[in-house]
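Undergrad: For reference, the file entry11.tsv (TSV, C-alpha atoms) is included below:
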chain	number	residue	atom	x	y	z
C	260	MET	CA	216.55	135.64	98.31
C	261	ASN	CA	213.02	134.35	98.02
C	262	GLU	CA	212.99	131.66	95.36
C	263	SER	CA	209.23	131.07	95.47
C	264	LYS	CA	207.05	131.48	92.42
C	265	CYS	CA	206.51	135.23	92.61
C	266	THR	CA	209.94	136.77	92.51
C	267	PHE	CA	209.38	139.71	90.20
C	268	GLY	CA	206.00	141.06	91.08
C	269	ASN	CA	203.88	138.70	89.01
C	270	CYS	CA	201.66	137.40	91.76
C	271	CYS	CA	198.57	139.18	92.86
C	272	CYS	CA	197.05	137.92	96.03
C	273	GLY	CA	197.22	136.00	99.22
C	274	PRO	CA	200.17	135.06	101.37
C	275	ASP	CA	202.53	134.84	98.38
C	276	ASN	CA	202.06	138.53	97.77
C	277	GLU	CA	203.01	139.30	101.36
C	278	LYS	CA	206.19	137.27	101.01
C	279	LYS	CA	207.19	138.94	97.77
C	280	GLY	CA	210.62	140.52	98.00
C	281	ARG	CA	211.33	139.15	101.47
C	282	TRP	CA	214.86	138.40	102.49
C	283	ASN	CA	216.09	135.47	104.55
C	284	PRO	CA	215.43	136.30	108.24
C	285	TYR	CA	218.90	135.17	109.35
C	286	LEU	CA	220.52	137.52	106.80
C	287	VAL	CA	218.26	140.34	107.96
C	288	GLY	CA	219.35	139.60	111.54
C	289	ILE	CA	223.01	139.74	110.49
C	290	GLY	CA	222.27	143.05	108.75
C	291	LEU	CA	220.72	144.49	111.91
C	292	GLY	CA	223.68	143.22	113.93
C	293	ILE	CA	226.14	144.98	111.62
C	294	LEU	CA	223.97	148.10	111.75
C	295	SER	CA	224.37	147.96	115.54
C	296	TRP	CA	228.18	147.94	115.20
C	297	LEU	CA	227.94	151.19	113.22
C	298	ALA	CA	225.44	152.66	115.68
C	299	PHE	CA	227.82	152.03	118.60
C	300	ALA	CA	231.19	152.72	116.97
C	301	VAL	CA	230.30	155.61	114.66
C	302	VAL	CA	227.18	157.36	115.94
C	303	ASN	CA	227.66	156.41	119.63
C	304	GLN	CA	223.93	155.85	120.02
C	305	PRO	CA	222.28	152.42	120.00
C	306	LEU	CA	219.42	151.79	117.58
C	307	GLY	CA	216.14	152.81	119.21
C	308	ILE	CA	212.74	154.26	118.36
C	309	SER	CA	210.56	154.90	121.38
C	310	THR	CA	212.60	157.68	123.04
C	311	ALA	CA	212.27	159.87	119.94
C	312	LEU	CA	208.63	158.87	119.58
C	313	SER	CA	207.78	159.95	123.10
C	314	SER	CA	209.53	163.29	122.69
C	315	ALA	CA	207.48	163.73	119.49
C	316	SER	CA	204.36	163.20	121.59
C	317	SER	CA	205.15	166.44	123.44
C	318	VAL	CA	204.65	168.32	120.16
C	319	CYS	CA	201.20	166.74	119.78
C	320	ALA	CA	200.35	167.71	123.35
C	321	LEU	CA	201.26	171.36	122.70
C	322	PRO	CA	197.97	172.51	121.14
C	323	VAL	CA	195.91	170.73	123.81
C	324	MET	CA	197.92	171.37	126.94
C	325	GLY	CA	199.62	174.64	125.99
C	326	GLY	CA	203.34	175.40	125.85
C	327	GLU	CA	203.67	176.19	129.53
C	328	ALA	CA	202.25	172.91	130.79
C	329	VAL	CA	204.38	170.93	128.34
C	330	ALA	CA	207.54	172.83	129.30
C	331	LYS	CA	206.83	172.28	133.00
C	332	ASN	CA	206.27	168.54	132.62
C	333	ALA	CA	209.10	166.71	134.37
C	334	TYR	CA	209.32	163.97	131.72
C	335	TRP	CA	209.42	166.19	128.66
C	336	ALA	CA	211.88	168.49	130.43
C	337	LYS	CA	214.15	165.45	130.57
C	338	THR	CA	213.51	164.38	126.95
C	339	PRO	CA	212.50	167.56	125.07
C	340	PHE	CA	211.66	167.47	121.38
C	341	LYS	CA	214.73	168.12	119.30
C	342	TRP	CA	216.02	167.24	115.86
C	343	ASP	CA	218.68	164.95	117.27
C	344	GLY	CA	220.04	161.72	115.84
C	345	GLY	CA	217.20	159.72	117.39
C	346	MET	CA	214.51	161.83	115.71
C	347	LEU	CA	216.29	161.71	112.33
C	348	PHE	CA	216.62	157.93	112.77
C	349	LEU	CA	212.88	157.60	113.47
C	350	ILE	CA	211.91	159.52	110.33
C	351	SER	CA	214.53	157.74	108.22
C	352	THR	CA	213.13	154.38	109.30
C	353	PHE	CA	209.84	155.41	107.68
C	354	VAL	CA	211.67	156.62	104.57
C	355	GLY	CA	213.75	153.43	104.33
C	356	SER	CA	210.68	151.24	104.58
C	357	LEU	CA	208.90	153.36	101.97
C	358	LEU	CA	211.83	153.07	99.53
C	359	SER	CA	211.94	149.33	100.10
C	360	VAL	CA	208.18	148.96	99.55
C	361	LEU	CA	208.30	151.00	96.36
C	362	ALA	CA	211.28	149.01	95.05
C	363	ALA	CA	209.44	145.76	95.81
C	364	ARG	CA	206.23	147.20	94.33
C	365	SER	CA	204.35	145.83	97.30
C	366	PHE	CA	202.59	148.99	98.53
C	367	ARG	CA	199.07	147.94	99.45
C	368	VAL	CA	196.42	149.71	101.50
C	369	GLU	CA	195.57	147.37	104.37
C	370	LYS	CA	192.74	148.08	106.78
C	371	VAL	CA	192.06	144.63	108.24
C	372	PRO	CA	194.92	142.08	108.11
C	373	ALA	CA	194.14	138.42	107.39
C	374	THR	CA	194.98	137.03	110.83
C	375	TRP	CA	192.71	139.60	112.48
C	376	ALA	CA	189.88	139.04	109.96
C	377	ASP	CA	189.96	135.26	110.52
C	378	ARG	CA	189.20	135.80	114.17
C	379	PHE	CA	187.30	139.08	114.47
C	380	GLY	CA	185.76	139.60	111.04
C	381	ASN	CA	186.14	142.32	108.43
C	382	SER	CA	185.00	145.32	110.47
C	383	ALA	CA	187.59	148.05	109.94
C	384	GLY	CA	186.24	149.99	112.93
C	385	LYS	CA	186.92	147.12	115.31
C	386	ARG	CA	190.45	146.69	113.96
C	387	MET	CA	191.22	150.42	114.17
C	388	ALA	CA	189.95	150.58	117.76
C	389	ALA	CA	192.21	147.67	118.74
C	390	ALA	CA	195.20	149.17	116.93
C	391	PHE	CA	194.68	152.53	118.65
C	392	LEU	CA	194.29	150.96	122.10
C	393	GLY	CA	197.30	148.72	121.44
C	394	GLY	CA	199.33	151.77	120.41
C	395	VAL	CA	198.47	153.57	123.65
C	396	ILE	CA	199.37	150.53	125.79
C	397	ILE	CA	202.59	149.63	123.93
C	398	MET	CA	203.97	153.17	124.17
C	399	TYR	CA	203.04	153.57	127.82
C	400	GLY	CA	204.76	150.25	128.50
C	401	ALA	CA	207.81	151.18	126.42
C	402	ARG	CA	208.33	154.38	128.39
C	403	MET	CA	207.82	152.68	131.72
C	404	ALA	CA	210.30	149.95	130.76
C	405	GLY	CA	212.71	152.50	129.25
C	406	GLY	CA	212.79	151.14	125.71
C	407	CYS	CA	211.10	149.06	123.03
C	408	THR	CA	211.89	146.09	120.81
C	409	SER	CA	214.76	148.07	119.26
C	410	GLY	CA	216.26	149.89	122.26
C	411	HIS	CA	215.80	147.08	124.78
C	412	GLY	CA	215.11	144.00	122.64
C	413	ILE	CA	218.04	144.33	120.23
C	414	SER	CA	220.39	147.11	121.40
C	415	GLY	CA	220.10	146.33	125.12
C	416	SER	CA	220.10	142.55	124.86
C	417	LEU	CA	223.22	142.54	122.67
C	418	GLN	CA	225.03	144.46	125.43
C	419	LEU	CA	223.89	141.75	127.87
C	420	ALA	CA	222.02	144.38	129.93
C	421	VAL	CA	220.03	142.85	132.79
C	422	SER	CA	217.15	145.30	132.23
C	423	SER	CA	216.90	144.38	128.54
C	424	TRP	CA	216.79	140.62	129.07
C	425	VAL	CA	214.10	141.07	131.73
C	426	PHE	CA	212.22	143.20	129.19
C	427	PHE	CA	212.65	140.71	126.34
C	428	LEU	CA	211.51	137.64	128.30
C	429	THR	CA	208.63	139.39	130.11
C	430	MET	CA	207.40	141.06	126.94
C	431	PHE	CA	207.41	137.78	125.07
C	432	ALA	CA	205.57	135.88	127.83
C	433	SER	CA	202.98	138.65	128.15
C	434	GLY	CA	202.49	138.81	124.38
C	435	ALA	CA	202.09	135.04	124.10
C	436	ALA	CA	199.51	135.06	126.94
C	437	THR	CA	197.63	137.92	125.26
C	438	ALA	CA	197.64	136.13	121.89
C	439	LEU	CA	196.32	132.97	123.57
C	440	LEU	CA	193.43	134.92	125.11
C	441	LEU	CA	192.65	136.89	121.95
C	442	PHE	CA	192.93	134.10	119.40
C	443	HIS	CA	192.13	130.88	121.26
C	444	LYS	CA	188.74	130.42	119.57
C	445	SER	CA	190.23	130.87	116.15
C	446	ALA	CA	189.77	127.90	113.85
C	447	LYS	CA	193.21	128.27	112.32
I	1441	MET	CA	236.71	156.11	123.65
I	1442	ASN	CA	237.35	157.79	120.31
I	1443	LEU	CA	234.59	158.43	117.82
I	1444	PRO	CA	235.69	158.56	114.18
I	1445	VAL	CA	233.34	161.50	113.45
I	1446	SER	CA	232.14	164.69	115.17
I	1447	PRO	CA	228.81	164.67	117.07
I	1448	GLU	CA	227.31	166.85	114.34
I	1449	THR	CA	228.36	164.38	111.62
I	1450	ALA	CA	227.14	161.50	113.77
I	1451	ARG	CA	223.73	163.16	113.99
I	1452	TRP	CA	223.41	163.24	110.19
I	1453	LEU	CA	224.70	159.68	109.89
I	1454	ALA	CA	221.56	158.64	111.78
I	1455	ILE	CA	219.75	159.19	108.46
I	1456	PRO	CA	221.48	156.45	106.39
I	1457	LEU	CA	221.36	154.15	109.45
I	1458	GLY	CA	217.61	154.77	109.81
I	1459	ILE	CA	217.03	154.14	106.10
I	1460	LEU	CA	218.89	150.82	106.30
I	1461	PHE	CA	216.92	149.97	109.45
I	1462	GLY	CA	213.63	150.64	107.63
I	1463	VAL	CA	214.73	148.59	104.60
I	1464	LEU	CA	215.75	145.65	106.82
I	1465	LEU	CA	212.49	145.73	108.82
I	1466	HIS	CA	210.43	145.75	105.63
I	1467	ARG	CA	212.49	143.13	103.77
I	1468	GLY	CA	212.60	140.98	106.88
I	1469	GLY	CA	208.82	140.81	106.77
I	1470	VAL	CA	208.34	142.27	110.24
I	1471	ALA	CA	206.54	145.40	109.01
I	1472	ASN	CA	203.62	142.98	108.65
I	1473	TYR	CA	200.84	142.49	111.22
I	1474	ASN	CA	200.42	138.76	110.48
I	1475	VAL	CA	204.10	137.98	110.95
I	1476	ILE	CA	204.28	139.77	114.33
I	1477	VAL	CA	201.04	138.37	115.77
I	1478	ASN	CA	201.78	134.86	114.54
I	1479	GLN	CA	205.12	134.93	116.36
I	1480	PHE	CA	203.20	135.29	119.61
I	1481	ARG	CA	200.93	132.43	118.49
I	1482	PHE	CA	204.00	130.29	117.71
I	1483	LYS	CA	202.93	129.96	114.07
I	1484	ASP	CA	205.67	132.07	112.46
I	1485	PHE	CA	209.17	132.44	113.90
I	1486	THR	CA	210.50	135.22	111.67
I	1487	VAL	CA	210.68	137.73	114.54
I	1488	LEU	CA	212.62	135.35	116.77
I	1489	LYS	CA	215.07	134.41	113.99
I	1490	ILE	CA	215.79	138.03	113.16
I	1491	MET	CA	216.11	139.25	116.74
I	1492	PHE	CA	218.21	136.37	118.05
I	1493	THR	CA	220.60	136.59	115.07
I	1494	ALA	CA	220.87	140.38	115.45
I	1495	ILE	CA	221.61	140.06	119.19
I	1496	ILE	CA	224.39	137.50	118.66
I	1497	VAL	CA	226.03	139.14	115.63
I	1498	GLY	CA	225.61	142.64	117.04
I	1499	GLY	CA	226.64	141.61	120.54
I	1500	ILE	CA	229.89	139.91	119.56
I	1501	GLY	CA	230.87	142.84	117.36
I	1502	VAL	CA	230.07	145.42	120.02
I	1503	LEU	CA	231.94	143.35	122.64
I	1504	LEU	CA	235.05	143.38	120.42
I	1505	LEU	CA	234.64	147.07	119.61
I	1506	HIS	CA	234.23	147.85	123.30
I	1507	GLY	CA	237.32	145.82	124.17
I	1508	ALA	CA	239.34	147.74	121.59
I	1509	GLY	CA	238.10	151.08	122.93
I	1510	HIS	CA	235.92	151.89	119.92
I	1511	ALA	CA	232.49	151.63	121.54
I	1512	ALA	CA	230.90	152.64	124.83
I	1513	TYR	CA	228.11	150.67	126.46
I	1514	HIS	CA	224.70	152.31	126.79
I	1515	ILE	CA	222.99	150.26	129.49
I	1516	LYS	CA	219.44	151.06	130.54
I	1517	PRO	CA	218.92	150.97	134.32
I	1518	ALA	CA	217.48	147.75	135.77
I	1519	ASN	CA	214.54	149.24	137.64
I	1520	MET	CA	213.12	145.77	137.96
I	1521	LEU	CA	209.49	146.64	138.78
I	1522	GLY	CA	209.27	149.35	136.10
I	1523	VAL	CA	210.93	147.19	133.44
I	1524	ALA	CA	208.79	144.13	134.27
I	1525	LEU	CA	205.48	146.06	134.42
I	1526	GLY	CA	206.36	148.08	131.33
I	1527	ALA	CA	207.35	144.95	129.41
I	1528	ALA	CA	204.13	143.19	130.44
I	1529	LEU	CA	202.09	146.13	129.12
I	1530	PHE	CA	204.30	146.21	126.02
I	1531	GLY	CA	203.47	142.57	125.23
I	1532	VAL	CA	199.71	143.22	125.51
I	1533	GLY	CA	200.02	146.34	123.35
I	1534	MET	CA	202.19	144.60	120.75
I	1535	VAL	CA	199.62	141.85	120.14
I	1536	LEU	CA	196.69	144.33	120.02
I	1537	TYR	CA	198.54	146.76	117.74
I	1538	GLY	CA	200.27	144.01	115.78
I	1539	TYR	CA	203.48	146.00	115.59
I	1540	CYS	CA	206.12	147.37	117.93
I	1541	PRO	CA	207.08	151.07	117.73
I	1542	GLY	CA	209.79	150.57	115.06
I	1543	THR	CA	207.92	148.07	112.91
I	1544	GLY	CA	204.77	150.21	113.25
I	1545	VAL	CA	206.62	153.16	111.74
I	1546	ALA	CA	207.93	150.91	108.96
I	1547	ALA	CA	204.44	149.44	108.41
I	1548	MET	CA	202.88	152.90	107.93
I	1549	ALA	CA	205.01	153.19	104.79
I	1550	THR	CA	203.68	149.89	103.42
I	1551	GLY	CA	200.11	151.16	103.32
I	1552	SER	CA	198.86	149.77	106.62
I	1553	VAL	CA	196.07	152.10	107.73
I	1554	HIS	CA	195.77	150.45	111.15
I	1555	ALA	CA	199.50	151.02	111.69
I	1556	ILE	CA	198.84	154.77	111.27
I	1557	VAL	CA	195.88	154.66	113.68
I	1558	GLY	CA	198.03	152.79	116.21
I	1559	PHE	CA	200.80	155.33	115.70
I	1560	ALA	CA	198.36	158.02	116.87
I	1561	GLY	CA	197.67	155.77	119.85
I	1562	MET	CA	201.41	155.58	120.55
I	1563	LEU	CA	201.63	159.37	120.61
I	1564	LEU	CA	198.76	159.42	123.13
I	1565	GLY	CA	200.54	156.73	125.16
I	1566	GLY	CA	203.63	158.94	125.26
I	1567	VAL	CA	201.52	161.86	126.51
I	1568	LEU	CA	199.89	159.70	129.20
I	1569	TYR	CA	203.29	158.52	130.40
I	1570	ALA	CA	204.59	162.08	130.60
I	1571	LEU	CA	201.51	163.09	132.61
I	1572	SER	CA	201.96	160.22	135.07
I	1573	PHE	CA	205.76	160.39	135.08
I	1574	THR	CA	206.24	162.00	138.50
I	1575	TRP	CA	204.08	159.40	140.23
I	1576	VAL	CA	205.61	156.46	138.33
I	1577	GLU	CA	209.12	157.71	139.05
I	1578	ALA	CA	208.42	157.98	142.78
I	1579	ASN	CA	206.39	154.81	143.27
I	1580	ILE	CA	207.49	152.31	140.63
I	1581	GLN	CA	210.92	153.15	139.20
I	1582	LYS	CA	212.58	153.19	142.61
I	1583	VAL	CA	211.44	149.66	143.50
I	1584	ALA	CA	214.18	147.04	143.09
I	1585	ALA	CA	216.41	149.48	141.21
I	1586	LEU	CA	219.66	147.63	140.52
I	1587	GLY	CA	221.26	150.31	138.37
I	1588	LYS	CA	222.92	149.97	134.96
I	1589	VAL	CA	224.05	146.38	135.39
I	1590	ARG	CA	225.06	143.74	132.84
I	1591	LEU	CA	224.60	139.97	133.08
I	1592	PRO	CA	228.37	139.27	133.48
I	1593	GLU	CA	228.36	141.61	136.50
I	1594	VAL	CA	225.51	139.92	138.35
I	1595	THR	CA	226.55	136.35	137.51
I	1596	SER	CA	229.85	134.51	137.59
I	1597	ILE	CA	229.61	133.95	133.82
I	1598	PRO	CA	231.86	136.23	131.73
I	1599	ASP	CA	230.87	137.95	128.46
I	1600	TRP	CA	232.15	135.14	126.24
I	1601	GLY	CA	230.34	132.58	128.39
I	1602	TRP	CA	227.04	134.38	127.80
I	1603	PHE	CA	227.59	134.54	124.06
I	1604	GLY	CA	228.54	130.86	124.11
I	1605	ILE	CA	225.24	130.09	125.84
I	1606	LEU	CA	223.27	132.27	123.40
I	1607	ILE	CA	224.95	130.65	120.38
I	1608	ALA	CA	224.22	127.18	121.77
I	1609	ILE	CA	220.54	128.03	122.38
I	1610	ALA	CA	220.21	129.68	118.96
I	1611	SER	CA	221.83	126.71	117.19
I	1612	VAL	CA	219.38	124.24	118.74
I	1613	VAL	CA	216.32	126.47	118.32
I	1614	PHE	CA	217.14	127.42	114.71
I	1615	TRP	CA	217.89	123.80	113.80
I	1616	LEU	CA	214.57	122.67	115.28
I	1617	LEU	CA	212.70	125.49	113.54
I	1618	GLU	CA	214.24	124.66	110.16
I	1619	THR	CA	213.73	120.92	110.41
I	1620	LYS	CA	211.25	119.33	112.79
I	1621	PHE	CA	209.00	122.25	113.72
I	1622	LYS	CA	208.92	124.32	110.56
I	1623	PRO	CA	205.40	125.84	110.55
I	1624	ALA	CA	203.31	124.97	107.49
I	1625	SER	CA	202.88	128.67	106.73
I	1626	GLU	CA	206.63	129.07	106.25
I	1627	LYS	CA	207.23	126.07	104.06
I	1628	SER	CA	206.65	127.88	100.79
I	1629	ASN	CA	209.12	130.56	101.80
I	1630	GLY	CA	212.67	129.67	100.80
Any chance you could put this one into structure tokens?

TA:
Amino acid sequence: MNESKCTFGNCCCGPDNEKKGRWNPYLVGIGLGILSWLAFAVVNQPLGISTALSSASSVCALPVMGGEAVAKNAYWAKTPFKWDGGMLFLISTFVGSLLSVLAARSFRVEKVPATWADRFGNSAGKRMAAAFLGGVIIMYGARMAGGCTSGHGISGSLQLAVSSWVFFLTMFASGAATALLLFHKSAK
Amino acid sequence: MNLPVSPETARWLAIPLGILFGVLLHRGGVANYNVIVNQFRFKDFTVLKIMFTAIIVGGIGVLLLHGAGHAAYHIKPANMLGVALGAALFGVGMVLYGYCPGTGVAAMATGSVHAIVGFAGMLLGGVLYALSFTWVEANIQKVAALGKVRLPEVTSIPDWGWFGILIAIASVVFWLLETKFKPASEKSNG
């Protein structure tokens, strides 16, 4: 799809390398839309990630909190860890991305991405701290809202759910405000 | 509603669907920190193009499937305060992390170390929500709880009207993005 100069893995660095092997975003959107048809009509479960991820968190809490406390927790009692379709989907998403990366030969260890480095420098520690904190906040928010970019943003919005459109618009406004605060001094 | 396969088969079919999902996220470029963050800075519109197209194509298909009795709706409840507060936190977290939960999982496979660190943060976030669940459920999720409602039910605009509106908005926005307001960073990308 990408007709730029580095189609078959000949380019080494910079933004061209990141764009290597990318497909047209509209075609990717159509692909995700068709995937949603299959999710609804065949599997009877909309595409989503964060429900399975939060039930996986109960497994991580086990060694710290103990089995009894985890079992008694009202939230995990409602969404216990199980190898259901959602969990298999979560793991397969990782596998699919890995296969795609290997096929594109674009696997690259990245500690500090360019946009971050332009603004906050090359300190990996700083970037990791922000990523960790961001991970905590995004997951807490996803569970409070009842879904993430997949479950609300795509699967919910396409069903014209009121909750999902409120999520989509609020999330985008909040993200844009956060980006403005974080990056406003950036030269680029 | 009739499913073409048994629940057990459906469970295993989640694997090929997940693999395709991961491939599409990676090939779409959204398993990339810069692409996600620059969407929120209005410098790269890949995320918007992908999501809006997926919503329209997916939505029209699911509407037809639902009408023919081949798909059930799965609507998340509109607990307005919980959804709004959660979404506001989600936006802050997404810009700090640089991924959302799905693209973060996909990004871990591309070699992004900070995606893995943020994934650990997501697991902690899930634990913290579980620990505060009883309080949140009692004090936040019950405020302005409208139930599992859809836009056609709370407005006088029917399903097709909403998709007409979405297609009209998408046509204008996509046209503007591809012509007048194409960001310089995207111009080399066919």

Undergrad: Enter the distance from CA of Tyr1569 (chain I) to CA of Pro1447 (chain I), in Å, rounded to one decimal.

TA: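 That distance, rounded to one decimal, is 29.4 Å.
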
Undergrad: Quick check, in Å to one decimal: how far apart do CA of Ile1609 (chain I) and CA of Ile1597 (chain I) lie?

TA: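 CA of Ile1609 (chain I) sits 15.8 Å away from CA of Ile1597 (chain I).
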
Undergrad: Skip region 1461-1474 of chain I itself and residues of its chain fewer than 3 positions away, then list as a list in words all residues within 6 Å of it, counting all atoms listed in the file.

TA: Arg281, Trp282, Pro284, Val287, Thr352, Gly355, Ser356, Ser359 and Thr374 of chain C; Gly1458, Val1477, Asn1478, Gly1538, Thr1543, Ala1546 and Ala1547 of chain I

Undergrad: If I put a ball of radius 10 Å at (214.2, 168.9, 123.4) in the file's coordinates, which residues poke into it when counting only C-alpha atoms, written as a VMD selection string?

TA: chain C and resid 311 314 to 315 317 330 335 to 343

Undergrad: Which value, in Å to one decimal, gives the distance between CA of Ala1454 (chain I) and CA of Arg402 (chain C)?

TA: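 Computing the Euclidean distance for CA of Ala1454 (chain I) and CA of Arg402 (chain C) yields 21.7 Å.
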
Undergrad: Which of these residues is nearest to Ile396 (chain C), using only C-alpha atoms: I:Phe1603, I:Phe1480, I:Tyr1513, I:Tyr1537?

TA: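 Nearest to Ile396 (chain C): I:Tyr1537.
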
Undergrad: For Val1497 (chain I), please output as number ranges by chain all residues within 12 Å (counting only C-alpha atoms; exclusion window: fewer than 6 positions along the same chain).

TA: C: 285-296, 413-414, 416-418; I: 1490-1491, 1503-1504, 1603, 1606-1607, 1610

Undergrad: Closest to chain I among C:Ala432, C:Ala363, C:Val395, C:Val371, using all atoms listed in the file?

TA: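 Looking at the shortest contact to chain I, the residue is C:Val395.
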